[in-house]
$ cat data.cif   # mmCIF, C-alpha atoms
data_work
loop_
_atom_site.label_atom_id
_atom_site.label_comp_id
_atom_site.auth_asym_id
_atom_site.auth_seq_id
_atom_site.Cartn_x
_atom_site.Cartn_y
_atom_site.Cartn_z
CA MET N 1 35.52 -2.48 45.14
CA ASN N 2 31.78 -2.87 45.43
CA LYS N 3 30.87 0.14 43.29
CA PHE N 4 32.90 -1.30 40.41
CA LEU N 5 31.15 -4.64 40.56
CA LEU N 6 27.88 -3.62 38.91
CA PRO N 7 29.34 -1.77 35.90
CA LEU N 8 31.94 -4.52 35.51
CA THR N 9 29.25 -7.19 35.43
CA ILE N 10 27.20 -5.22 32.90
CA PHE N 11 30.34 -4.77 30.81
CA GLY N 12 31.09 -8.48 31.05
CA ILE N 13 27.60 -9.36 29.83
CA MET N 14 27.89 -6.91 26.94
CA VAL N 15 31.27 -8.34 25.94
CA GLY N 16 29.69 -11.79 25.94
CA PHE N 17 26.95 -10.68 23.56
CA LEU N 18 29.39 -8.84 21.30
CA ALA N 19 31.75 -11.83 21.16
CA VAL N 20 28.93 -14.10 20.02
CA GLY N 21 27.70 -11.46 17.61
CA LEU N 22 31.09 -11.20 15.90
CA THR N 23 30.88 -14.85 14.89
CA LEU N 24 27.47 -14.40 13.27
CA ASN N 25 26.86 -13.15 9.74
CA PRO N 26 23.90 -10.74 9.81
CA ARG N 27 23.33 -11.12 6.08
CA GLU N 28 22.68 -14.85 6.32
CA ILE N 29 19.05 -15.79 6.23
CA PRO N 30 18.53 -19.28 7.70
CA SER N 31 16.25 -21.36 5.56
CA PRO N 32 12.81 -22.35 6.88
CA LEU N 33 12.92 -25.31 4.47
CA ILE N 34 15.36 -27.40 6.50
CA GLY N 35 13.61 -30.66 7.33
CA LYS N 36 10.87 -30.00 4.78
CA ALA N 37 10.30 -31.61 1.42
CA ALA N 38 12.35 -30.12 -1.41
CA PRO N 39 9.89 -28.06 -3.51
CA THR N 40 8.88 -29.87 -6.70
CA PHE N 41 9.71 -28.57 -10.13
CA ALA N 42 10.12 -29.85 -13.67
CA LEU N 43 12.71 -27.82 -15.52
CA PRO N 44 14.25 -28.36 -18.95
CA GLN N 45 17.80 -29.60 -18.94
CA LEU N 46 20.66 -27.43 -20.11
CA HIS N 47 22.43 -29.94 -22.34
CA GLU N 48 19.52 -32.06 -23.56
CA GLN N 49 16.82 -29.43 -23.92
CA ASP N 50 13.99 -31.83 -24.70
CA LYS N 51 14.51 -33.64 -21.41
CA VAL N 52 13.21 -32.53 -18.04
CA PHE N 53 14.77 -32.75 -14.57
CA SER N 54 12.74 -33.04 -11.41
CA PRO N 55 13.75 -33.69 -7.78
CA SER N 56 11.34 -36.62 -7.66
CA ASP N 57 13.74 -38.37 -10.07
CA MET N 58 16.21 -38.48 -7.21
CA LYS N 59 14.15 -40.26 -4.58
CA GLY N 60 16.18 -42.95 -2.86
CA GLN N 61 19.47 -41.07 -3.25
CA VAL N 62 21.29 -38.48 -1.20
CA TRP N 63 22.26 -35.63 -3.50
CA LEU N 64 23.39 -32.03 -3.73
CA LEU N 65 21.41 -29.35 -5.57
CA ASN N 66 23.58 -26.38 -6.46
CA PHE N 67 22.12 -23.10 -7.74
CA TRP N 68 24.69 -21.30 -9.93
CA ALA N 69 25.03 -18.95 -12.88
CA SER N 70 27.71 -18.00 -15.39
CA TRP N 71 27.52 -14.37 -14.27
CA CYS N 72 28.16 -15.22 -10.61
CA SER N 73 31.70 -14.73 -9.28
CA GLY N 74 31.08 -16.75 -6.10
CA CYS N 75 30.18 -19.72 -8.31
CA ARG N 76 33.58 -19.42 -9.96
CA THR N 77 35.17 -19.41 -6.50
CA GLU N 78 33.46 -22.57 -5.34
CA HIS N 79 33.85 -24.35 -8.66
CA PRO N 80 37.14 -26.17 -7.87
CA VAL N 81 35.57 -27.48 -4.66
CA LEU N 82 32.61 -28.83 -6.65
CA MET N 83 34.90 -30.38 -9.27
CA ASP N 84 36.91 -32.19 -6.58
CA LEU N 85 33.72 -33.37 -4.91
CA ALA N 86 32.35 -34.62 -8.22
CA LYS N 87 35.58 -36.50 -8.94
CA SER N 88 35.49 -38.16 -5.53
CA GLY N 89 32.07 -39.57 -6.36
CA VAL N 90 30.90 -39.37 -2.73
CA VAL N 91 27.63 -37.64 -3.58
CA PRO N 92 26.03 -36.74 -6.93
CA ILE N 93 25.79 -33.05 -7.73
CA TYR N 94 22.95 -31.58 -9.76
CA GLY N 95 22.87 -27.98 -10.85
CA VAL N 96 20.23 -25.34 -11.45
CA ASP N 97 21.34 -22.63 -13.85
CA TYR N 98 19.68 -19.60 -12.27
CA LYS N 99 18.53 -16.66 -14.44
CA ASP N 100 21.20 -17.25 -17.04
CA GLN N 101 21.63 -17.46 -20.81
CA ARG N 102 22.00 -20.95 -22.27
CA GLY N 103 24.94 -20.03 -24.49
CA GLU N 104 26.86 -18.45 -21.66
CA ALA N 105 26.12 -21.28 -19.26
CA LEU N 106 27.36 -23.88 -21.75
CA ALA N 107 30.47 -21.83 -22.48
CA TRP N 108 31.16 -21.45 -18.74
CA LEU N 109 30.95 -25.20 -18.18
CA ASP N 110 33.10 -25.89 -21.23
CA GLN N 111 35.74 -23.48 -20.03
CA TRP N 112 35.90 -24.40 -16.32
CA GLY N 113 34.57 -27.94 -16.27
CA ASN N 114 31.22 -29.56 -15.50
CA PRO N 115 30.78 -31.11 -12.03
CA TYR N 116 27.06 -31.67 -12.54
CA LEU N 117 25.41 -34.88 -13.66
CA ILE N 118 22.48 -32.84 -14.95
CA VAL N 119 21.89 -29.08 -15.08
CA ALA N 120 18.33 -27.80 -14.97
CA VAL N 121 17.55 -24.37 -16.39
CA ASP N 122 15.64 -21.90 -14.19
CA ALA N 123 15.52 -18.98 -16.58
CA ALA N 124 12.91 -16.89 -14.75
CA GLY N 125 14.16 -17.66 -11.25
CA ARG N 126 10.82 -19.01 -10.06
CA VAL N 127 12.24 -22.31 -8.79
CA GLY N 128 14.87 -20.25 -7.00
CA ILE N 129 12.12 -18.37 -5.19
CA ASP N 130 10.47 -21.70 -4.22
CA TYR N 131 13.78 -22.77 -2.69
CA GLY N 132 14.31 -19.46 -0.92
CA VAL N 133 17.34 -18.58 -3.02
CA TYR N 134 18.32 -14.95 -2.53
CA GLY N 135 21.77 -15.01 -4.07
CA VAL N 136 23.86 -17.51 -5.96
CA PRO N 137 25.61 -19.81 -5.23
CA GLU N 138 23.44 -21.72 -2.82
CA THR N 139 23.63 -25.48 -2.27
CA TYR N 140 21.12 -27.86 -0.74
CA VAL N 141 21.75 -31.33 0.70
CA ILE N 142 18.68 -33.47 -0.01
CA ASP N 143 18.11 -36.90 1.49
CA LYS N 144 16.63 -40.13 0.20
CA GLN N 145 13.09 -39.12 1.08
CA GLY N 146 13.47 -35.83 -0.75
CA LEU N 147 13.78 -33.69 2.39
CA ILE N 148 16.17 -30.73 2.54
CA ARG N 149 18.69 -31.36 5.28
CA TYR N 150 21.19 -28.51 4.91
CA LYS N 151 21.51 -25.27 3.00
CA GLN N 152 24.84 -23.68 2.22
CA ILE N 153 24.48 -19.96 1.59
CA GLY N 154 27.31 -18.62 -0.54
CA PRO N 155 30.26 -20.51 -2.02
CA LEU N 156 31.15 -23.96 -0.72
CA ASP N 157 34.55 -24.19 0.86
CA ASP N 158 36.67 -27.20 1.76
CA GLU N 159 36.28 -26.60 5.49
CA THR N 160 32.47 -26.54 5.52
CA LEU N 161 32.50 -29.52 3.20
CA ALA N 162 34.74 -31.53 5.49
CA LYS N 163 33.19 -30.48 8.79
CA LYS N 164 29.50 -30.21 8.02
CA ILE N 165 28.42 -31.47 4.63
CA LEU N 166 30.34 -34.70 4.09
CA PRO N 167 29.60 -36.06 7.58
CA LEU N 168 25.91 -35.25 7.04
CA VAL N 169 25.93 -36.92 3.62
CA LYS N 170 27.56 -40.06 5.02
CA GLU N 171 25.02 -40.15 7.85
CA LEU N 172 22.12 -39.77 5.43
CA GLN N 173 23.51 -42.35 3.04
CA ALA N 174 23.71 -44.90 5.85
CA LYS N 175 20.00 -44.61 6.58
CA MET K 1 18.59 43.05 -21.34
CA LYS K 2 19.33 40.56 -18.61
CA TRP K 3 15.96 41.31 -17.02
CA ILE K 4 14.22 40.18 -20.21
CA VAL K 5 16.26 36.97 -20.20
CA LEU K 6 15.49 36.43 -16.55
CA MET K 7 11.77 36.99 -17.11
CA ALA K 8 11.83 34.63 -20.07
CA LEU K 9 13.41 31.90 -17.98
CA LEU K 10 10.97 32.39 -15.12
CA LEU K 11 8.01 32.32 -17.43
CA ALA K 12 9.12 29.00 -18.95
CA GLY K 13 6.16 26.77 -19.68
CA PRO K 14 4.91 24.44 -16.92
CA SER K 15 6.56 21.01 -16.93
CA TRP K 16 4.71 17.89 -15.88
CA ALA K 17 6.55 15.91 -13.25
CA GLY K 18 4.39 12.88 -12.67
CA ASP K 19 5.01 9.56 -10.93
CA ALA K 20 7.04 6.92 -12.73
CA ARG K 21 4.84 4.69 -14.82
CA PRO K 22 4.06 1.54 -12.84
CA LEU K 23 5.10 -1.80 -14.28
CA GLY K 24 1.60 -3.23 -14.26
CA ASP K 25 -1.47 -1.87 -15.96
CA ASP K 26 -4.12 -2.37 -13.34
CA PRO K 27 -4.02 0.45 -10.75
CA ALA K 28 -5.94 -1.57 -8.16
CA VAL K 29 -3.41 -4.40 -8.38
CA GLU K 30 -0.51 -1.95 -8.24
CA ALA K 31 -2.00 -0.26 -5.18
CA ARG K 32 -2.30 -3.57 -3.37
CA LEU K 33 1.19 -4.52 -4.47
CA LYS K 34 2.56 -1.30 -3.00
CA GLN K 35 0.69 -1.89 0.25
CA LEU K 36 2.23 -5.35 0.59
CA ALA K 37 5.65 -4.42 -0.75
CA VAL K 38 6.29 -1.82 1.95
CA GLU K 39 5.76 -4.50 4.60
CA LEU K 40 8.19 -6.92 2.94
CA ARG K 41 11.97 -6.85 2.93
CA CYS K 42 14.31 -7.02 -0.02
CA LEU K 43 16.54 -9.97 0.85
CA VAL K 44 19.48 -8.64 -1.15
CA CYS K 45 19.51 -5.02 0.05
CA GLN K 46 18.34 -6.07 3.45
CA ASN K 47 17.66 -2.60 4.81
CA GLN K 48 15.22 -1.70 2.03
CA THR K 49 11.64 -2.70 1.59
CA LEU K 50 10.57 -4.75 -1.39
CA ALA K 51 8.95 -1.57 -2.70
CA ASP K 52 12.17 0.46 -2.60
CA SER K 53 14.74 -1.98 -3.86
CA ASN K 54 16.02 -2.20 -7.43
CA ALA K 55 17.70 -5.57 -6.95
CA PRO K 56 16.83 -8.23 -9.54
CA LEU K 57 15.47 -10.52 -6.83
CA ALA K 58 13.21 -7.69 -5.62
CA GLU K 59 11.82 -7.31 -9.14
CA ASP K 60 11.23 -11.08 -9.28
CA LEU K 61 9.49 -11.06 -5.90
CA ARG K 62 7.31 -8.11 -6.87
CA ARG K 63 6.36 -9.99 -10.02
CA GLU K 64 5.47 -13.04 -7.92
CA VAL K 65 3.38 -10.94 -5.52
CA ARG K 66 1.65 -9.21 -8.45
CA GLU K 67 0.74 -12.57 -9.95
CA MET K 68 -0.64 -13.75 -6.61
CA ILE K 69 -2.72 -10.58 -6.30
CA VAL K 70 -4.14 -11.15 -9.78
CA LYS K 71 -5.04 -14.69 -8.68
CA ASN K 72 -7.01 -13.07 -5.86
CA MET K 73 -4.93 -14.53 -3.06
CA SER K 74 -5.45 -12.86 0.29
CA ASP K 75 -2.74 -10.78 1.99
CA LYS K 76 -2.22 -13.54 4.54
CA GLU K 77 -1.80 -16.18 1.80
CA ILE K 78 0.76 -14.06 -0.02
CA ILE K 79 2.72 -13.37 3.15
CA ASP K 80 2.59 -17.05 4.15
CA PHE K 81 3.89 -17.96 0.69
CA LEU K 82 6.95 -15.76 1.17
CA VAL K 83 7.54 -16.59 4.85
CA SER K 84 7.42 -20.33 4.13
CA ARG K 85 10.23 -19.83 1.59
CA TYR K 86 12.37 -17.14 3.16
CA GLY K 87 11.46 -17.18 6.85
CA ASP K 88 10.36 -14.34 9.10
CA PHE K 89 13.17 -12.10 7.86
CA VAL K 90 11.21 -11.38 4.68
CA LEU K 91 8.78 -9.36 6.83
CA TYR K 92 10.06 -5.82 7.20
CA ARG K 93 8.53 -5.53 10.66
CA PRO K 94 9.71 -8.37 12.94
CA PRO K 95 6.66 -10.36 14.08
CA LEU K 96 5.88 -10.42 17.79
CA LYS K 97 6.68 -13.97 18.88
CA THR K 98 8.31 -15.55 21.91
CA SER K 99 11.62 -15.55 20.05
CA THR K 100 11.43 -11.82 19.31
CA THR K 101 10.21 -10.66 22.76
CA LEU K 102 13.74 -9.56 23.68
CA LEU K 103 14.02 -7.63 20.43
CA TRP K 104 10.79 -5.71 21.01
CA ALA K 105 10.95 -5.33 24.81
CA GLY K 106 14.73 -4.94 25.13
CA PRO K 107 15.04 -1.19 24.47
CA PHE K 108 12.22 -0.37 26.92
CA VAL K 109 13.67 -2.68 29.56
CA LEU K 110 17.08 -1.02 29.19
CA LEU K 111 15.46 2.43 29.35
CA ALA K 112 13.60 1.49 32.52
CA GLY K 113 16.78 -0.01 33.99
CA GLY K 114 18.71 3.15 33.18
CA GLY K 115 15.96 5.28 34.67
CA ILE K 116 16.01 3.31 37.91
CA ALA K 117 19.82 3.51 38.09
CA LEU K 118 19.62 7.28 37.59
CA ALA K 119 16.95 7.68 40.29
CA VAL K 120 19.00 5.63 42.76
CA ALA K 121 22.20 7.55 41.98
CA LEU K 122 20.48 10.94 42.40
CA ARG K 123 18.88 9.93 45.69
CA ARG K 124 22.25 8.75 46.97
CA ARG K 125 23.88 12.01 45.95
CA GLY K 126 21.15 14.01 47.68
CA ARG K 127 21.85 12.19 50.92
CA LYS K 128 25.58 12.95 50.69
CA VAL K 129 24.92 16.68 50.42
CA GLU K 130 22.72 16.61 53.54
CA GLN K 131 25.50 15.01 55.54
CA ALA K 132 27.96 17.78 54.79
CA MET K 133 26.73 20.04 57.62
CA ILE K 134 29.29 22.61 58.69
CA THR K 135 29.55 24.70 61.84
CA ASP K 136 28.98 28.47 61.92
CA GLU K 137 32.73 29.05 62.44
CA GLU K 138 33.56 27.10 59.25
CA HIS K 139 30.71 28.88 57.43
CA ARG K 140 32.29 32.30 58.20
CA ARG K 141 35.66 31.03 56.97
CA VAL K 142 34.12 29.80 53.72
CA GLU K 143 32.47 33.20 53.16
CA GLN K 144 35.78 34.91 53.79
CA LEU K 145 37.70 32.67 51.38
CA LEU K 146 35.07 33.03 48.69
CA SER K 147 35.02 36.84 48.90
CA GLN K 148 38.83 36.83 48.76
CA GLY K 149 38.67 34.77 45.55
CA VAL K 150 36.48 37.39 43.87
CA LYS K 151 39.08 40.11 44.46
CA ARG K 152 41.72 38.30 42.41
CA PRO K 153 43.17 40.65 39.77
#

$ encode --input "data.cif" --output "structure tokens"
Amino acid sequence: MNKFLLPLTIFGIMVGFLAVGLTLNPREIPSPLIGKAAPTFALPQLHEQDKVFSPSDMKGQVWLLNFWASWCSGCRTEHPVLMDLAKSGVVPIYGVDYKDQRGEALAWLDQWGNPYLIVAVDAAGRVGIDYGVYGVPETYVIDKQGLIRYKQIGPLDDETLAKKILPLVKELQAK
Amino acid sequence: MKWIVLMALLLAGPSWAGDARPLGDDPAVEARLKQLAVELRCLVCQNQTLADSNAPLAEDLRREVREMIVKNMSDKEIIDFLVSRYGDFVLYRPPLKTSTTLLWAGPFVLLAGGGIALAVALRRRGRKVEQAMITDEEHRRVEQLLSQGVKRP
């Protein structure tokens, strides 16, 4: 019995590591911006081109910043979730149209619906780089002081919304 | 006739196969960009360096780095710029920190552990062989059996 104990223990430890590893997504890059101030920018708006949108406009509110594009299939997937969230009015959603064409972005919103109060246009992707965006869609929860509290990499789904994002939003709104 | 054709083909004029034309015009900047880009990771094709990848984000990041080089930012400032936005993963070589000690030391620790286990197992086996002493009588029997085995048709 004794000579089986050591290999069995080593095997048990390995299984432990593998089990944890299976729940992790190796492609996800956690953001170093959590807890830090949302990077400033001043981008032209999609609908009213002579106006500018900036995160400093949002101080005092808890809000969602969603990076999306008309060419992005994941954005299409999460779109119903965003529409429902926008209808519920729990938290305002602002969009950044990332490396897109204005005509196509407008057409996309016309066709599928517009959950955003304002859409800012990041044509060159520089604001995306400031936010550490490496693929769309990505969504940030930003608090009343303008600090990033949560980053969703990839499409939003109802489960993450219910379990992580909405409780966080309610907590931040109470502060 | 075919020899003439063959000779003609072999004597075809020299062709110039040069490097692809770099995207920027200043060779000093491009050289520095290349030096930095091989130490940075493409975040989309995560197993490629920023220098190798053709992903749109990689092109954007190379453009950013090029602009920072033109502004005369130091290597450390450029790397800090990217790490503050994307985290340590943007470095192609994992930095040596307390959190990555297991990553760096792990393989050597496992190798040493395996080596020790091997040494212990071999020593134990050596001892077992010593203990199998046989008498002269048994030795003669073994010789007899072995020689019989050779004569098998």

$ interface_residues --input "data.cif" --of "chain K" --to "chain N" --cutoff "7 Å" --atoms "only C-alpha atoms" --output "PyMOL selection string"
chain K and resi 43-44+57+84-87

$ resolve_selection --input "data.cif" --expression "the PyMOL selection byres ((chain N and resi 40-57) around 10)" --output "VMD selection string"
chain N and resid 37 to 39 58 to 61 63 65 94 to 97 102 to 103 105 to 106 118 to 123 126 to 127 130 to 131 142 145 to 146

$ residues_near_point --input "data.cif" --point "(4.9, -6.5, 1.2)" --cutoff "10 Å" --atoms "all atoms listed in the file" --output "compact mmCIF listing (two decimals) with C-alpha atoms, in the frame of the given file"
# COMPACT_ATOMS: atom_id res chain seq x y z
CA ARG K 32 -2.30 -3.57 -3.37
CA LEU K 33 1.19 -4.52 -4.47
CA LYS K 34 2.56 -1.30 -3.00
CA GLN K 35 0.69 -1.89 0.25
CA LEU K 36 2.23 -5.35 0.59
CA ALA K 37 5.65 -4.42 -0.75
CA VAL K 38 6.29 -1.82 1.95
CA GLU K 39 5.76 -4.50 4.60
CA LEU K 40 8.19 -6.92 2.94
CA ARG K 41 11.97 -6.85 2.93
CA CYS K 42 14.31 -7.02 -0.02
CA THR K 49 11.64 -2.70 1.59
CA LEU K 50 10.57 -4.75 -1.39
CA ALA K 51 8.95 -1.57 -2.70
CA LEU K 61 9.49 -11.06 -5.90
CA ARG K 62 7.31 -8.11 -6.87
CA VAL K 65 3.38 -10.94 -5.52
CA ASP K 75 -2.74 -10.78 1.99
CA ILE K 78 0.76 -14.06 -0.02
CA ILE K 79 2.72 -13.37 3.15
CA LEU K 82 6.95 -15.76 1.17
CA VAL K 90 11.21 -11.38 4.68
CA LEU K 91 8.78 -9.36 6.83
CA TYR K 92 10.06 -5.82 7.20

$ atom_distance --input "data.cif" --atom1 "CA of Met83 in chain N" --atom2 "CA of Asn25 in chain N"
26.9 Å

$ atom_distance --input "data.cif" --atom1 "CA of Glu138 in chain K" --atom2 "CA of Gly126 in chain K"
21.4 Å

$ residues_around --input "data.cif" --residues "Gly113 in chain N" --least-positions-apart "3" --cutoff "10 Å" --atoms "all atoms listed in the file" --output "MDAnalysis selection string"
chainID N and resid 79:80 82:83 106:110 116

$ atom_distance --input "data.cif" --atom1 "CA of Ser53 in chain K" --atom2 "CA of Glu67 in chain K"
18.6 Å

$ resolve_selection --input "data.cif" --expression "the PyMOL selection byres ((chain N and resi 76) around 12)" --output "number ranges by chain"
N: 68-75, 77-83, 108-109, 111-114, 136-137, 154-157

$ residues_around --input "data.cif" --residues "Lys36 in chain N" --least-positions-apart "2" --cutoff "6 Å" --atoms "only C-alpha atoms" --output "CSV table (one decimal) with C-alpha atoms, keeping the file's coordinate frame"
chain,number,residue,atom,x,y,z
N,33,LEU,CA,12.9,-25.3,4.5
N,34,ILE,CA,15.4,-27.4,6.5
N,147,LEU,CA,13.8,-33.7,2.4
N,148,ILE,CA,16.2,-30.7,2.5
